[in-house]
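Colleague: Coordinates in final_4.cif, mmCIF, C-alpha atoms, are listed below.
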data_start
#
loop_
_atom_site.label_atom_id
_atom_site.label_comp_id
_atom_site.auth_asym_id
_atom_site.auth_seq_id
_atom_site.Cartn_x
_atom_site.Cartn_y
_atom_site.Cartn_z
CA MET A 1 -18.18 6.16 4.55
CA SER A 2 -16.70 2.99 3.06
CA PRO A 3 -17.79 -0.55 3.92
CA TYR A 4 -14.70 -0.64 6.16
CA GLU A 5 -15.85 2.37 8.22
CA ILE A 6 -12.68 4.16 7.13
CA GLU A 7 -13.03 7.72 5.99
CA LEU A 8 -11.11 9.56 3.29
CA GLY A 9 -8.21 11.39 4.89
CA GLN A 10 -8.00 8.96 7.80
CA VAL A 11 -4.50 7.85 8.82
CA VAL A 12 -4.09 4.09 9.21
CA ASP A 13 -1.31 1.66 10.11
CA LEU A 14 -0.70 -1.01 7.47
CA GLU A 15 1.27 -4.24 7.60
CA PHE A 16 1.58 -6.41 4.51
CA SER A 17 4.01 -8.69 2.71
CA LEU A 18 5.03 -8.50 -0.90
CA PRO A 19 6.04 -11.61 -2.84
CA GLU A 20 9.72 -12.43 -2.39
CA SER A 21 10.12 -9.90 0.46
CA THR A 22 12.09 -11.02 3.47
CA ALA A 23 9.89 -9.24 6.02
CA PRO A 24 6.46 -7.58 6.12
CA LEU A 25 6.24 -3.86 5.38
CA LYS A 26 4.85 -1.75 8.22
CA LEU A 27 3.74 1.69 7.05
CA ARG A 28 1.44 4.56 7.97
CA ALA A 29 -0.84 5.76 5.20
CA VAL A 30 -3.58 8.27 4.44
CA ILE A 31 -6.72 6.93 2.76
CA ARG A 32 -7.09 8.88 -0.50
CA SER A 33 -9.79 7.00 -2.41
CA GLN A 34 -12.40 4.30 -1.97
CA VAL A 35 -14.42 2.31 -4.51
CA GLY A 36 -16.41 -0.54 -3.04
CA PHE A 37 -14.00 -2.64 -1.01
CA ARG A 38 -10.90 -1.14 -2.66
CA LEU A 39 -9.01 1.58 -0.87
CA GLY A 40 -6.32 3.83 -2.32
CA CYS A 41 -3.69 5.04 0.10
CA GLU A 42 -0.70 7.36 0.20
CA PHE A 43 2.19 6.09 2.29
CA ILE A 44 3.51 8.51 4.91
CA SER A 45 7.31 8.80 5.04
CA PRO A 46 8.28 5.32 3.82
CA SER A 47 11.94 4.47 4.36
CA VAL A 48 14.33 4.07 1.44
CA ILE A 49 14.19 0.29 1.89
CA GLN A 50 10.37 0.30 1.89
CA LYS A 51 10.26 2.48 -1.24
CA THR A 52 12.72 0.14 -2.96
CA GLU A 53 10.58 -2.93 -2.14
CA ILE A 54 7.38 -1.25 -3.37
CA VAL A 55 8.99 -0.04 -6.61
CA ARG A 56 10.54 -3.48 -7.21
CA TYR A 57 7.13 -5.11 -6.83
CA GLY A 58 5.43 -2.54 -9.09
CA ASN A 59 8.06 -3.00 -11.80
CA ALA A 60 7.69 -6.79 -11.63
CA GLN A 61 3.91 -6.49 -12.01
CA ARG A 62 4.22 -4.20 -15.06
CA SER A 63 6.59 -6.59 -16.79
CA LYS A 64 4.23 -9.59 -16.50
CA PRO A 65 2.43 -10.55 -19.70
CA GLU A 66 -1.35 -10.24 -19.51
#
Would you mind writing the structure in this file as structure tokens?
Modeller:
Amino acid sequence: MSPYEIELGQVVDLEFSLPESTAPLKLRAVIRSQVGFRLGCEFISPSVIQKTEIVRYGNAQRSKPE
């Protein structure tokens, strides 16, 4: 079990904001991995708008110089 008492495969409700988003994202997700205090999750049925926001953020992060 993780330090969060969340088990792999557990379904959780998430709410978070991405930079420059107009509203927080509210999604259901399955916990797929855990390393220390980091959790990897798979979103369950995100809407087209939610997918667009997540992809936009990911693309912006990849284009930042290190």
Colleague: Evaluating the PyMOL selection byres ((chain A and resi 27-43) around 8) on the displayed file yields which residues, as a list of chain:residue names?
Modeller: A:Ser2, A:Pro3, A:Tyr4, A:Ile6, A:Glu7, A:Leu8, A:Gly9, A:Gln10, A:Val11, A:Val12, A:Asp13, A:Leu14, A:Glu15, A:Leu25, A:Lys26, A:Ile44, A:Ser45, A:Pro46
Colleague: What would the file look like if the residues just selected were written as an mmCIF file, in the frame of the given file with C-alpha atoms?
Modeller:
data_model
loop_
_atom_site.group_PDB
_atom_site.id
_atom_site.type_symbol
_atom_site.label_atom_id
_atom_site.label_comp_id
_atom_site.auth_asym_id
_atom_site.auth_seq_id
_atom_site.Cartn_x
_atom_site.Cartn_y
_atom_site.Cartn_z
ATOM 1 C CA SER A 2 -16.700 2.990 3.060
ATOM 2 C CA PRO A 3 -17.790 -0.550 3.920
ATOM 3 C CA TYR A 4 -14.700 -0.640 6.160
ATOM 4 C CA ILE A 6 -12.680 4.160 7.130
ATOM 5 C CA GLU A 7 -13.030 7.720 5.990
ATOM 6 C CA LEU A 8 -11.110 9.560 3.290
ATOM 7 C CA GLY A 9 -8.210 11.390 4.890
ATOM 8 C CA GLN A 10 -8.000 8.960 7.800
ATOM 9 C CA VAL A 11 -4.500 7.850 8.820
ATOM 10 C CA VAL A 12 -4.090 4.090 9.210
ATOM 11 C CA ASP A 13 -1.310 1.660 10.110
ATOM 12 C CA LEU A 14 -0.700 -1.010 7.470
ATOM 13 C CA GLU A 15 1.270 -4.240 7.600
ATOM 14 C CA LEU A 25 6.240 -3.860 5.380
ATOM 15 C CA LYS A 26 4.850 -1.750 8.220
ATOM 16 C CA ILE A 44 3.510 8.510 4.910
ATOM 17 C CA SER A 45 7.310 8.800 5.040
ATOM 18 C CA PRO A 46 8.280 5.320 3.820
#
Colleague: Mind giving me the straight-line distance from atom CA of Gly58 of chain A to atom CA of Ser17 of chain A in Å, one decimal?
Modeller: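 So the two atoms, atom CA of Gly58 of chain A and atom CA of Ser17 of chain A, lie 13.4 Å apart.
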Colleague: Of the candidates A:Glu5, A:Arg56, A:Ile49, A:Pro65, which shows the shortest atom-to-atom distance to Ala23 of chain A, using only C-alpha atoms?
Modeller: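 With only C-alpha atoms as the atom set, the closest residue is A:Ile49.
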Colleague: What does the distance between atom CA of Lys51 of chain A and atom CA of Glu66 of chain A come to in Å, to one decimal place?
Modeller: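 Between atom CA of Lys51 of chain A and atom CA of Glu66 of chain A the gap is 25.1 Å.
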Colleague: What does the distance from atom CA of Glu53 of chain A to atom CA of Phe16 of chain A come to in Å, to one decimal?
Modeller: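 Value for the atom CA of Glu53 of chain A-atom CA of Phe16 of chain A distance: 11.7 Å.
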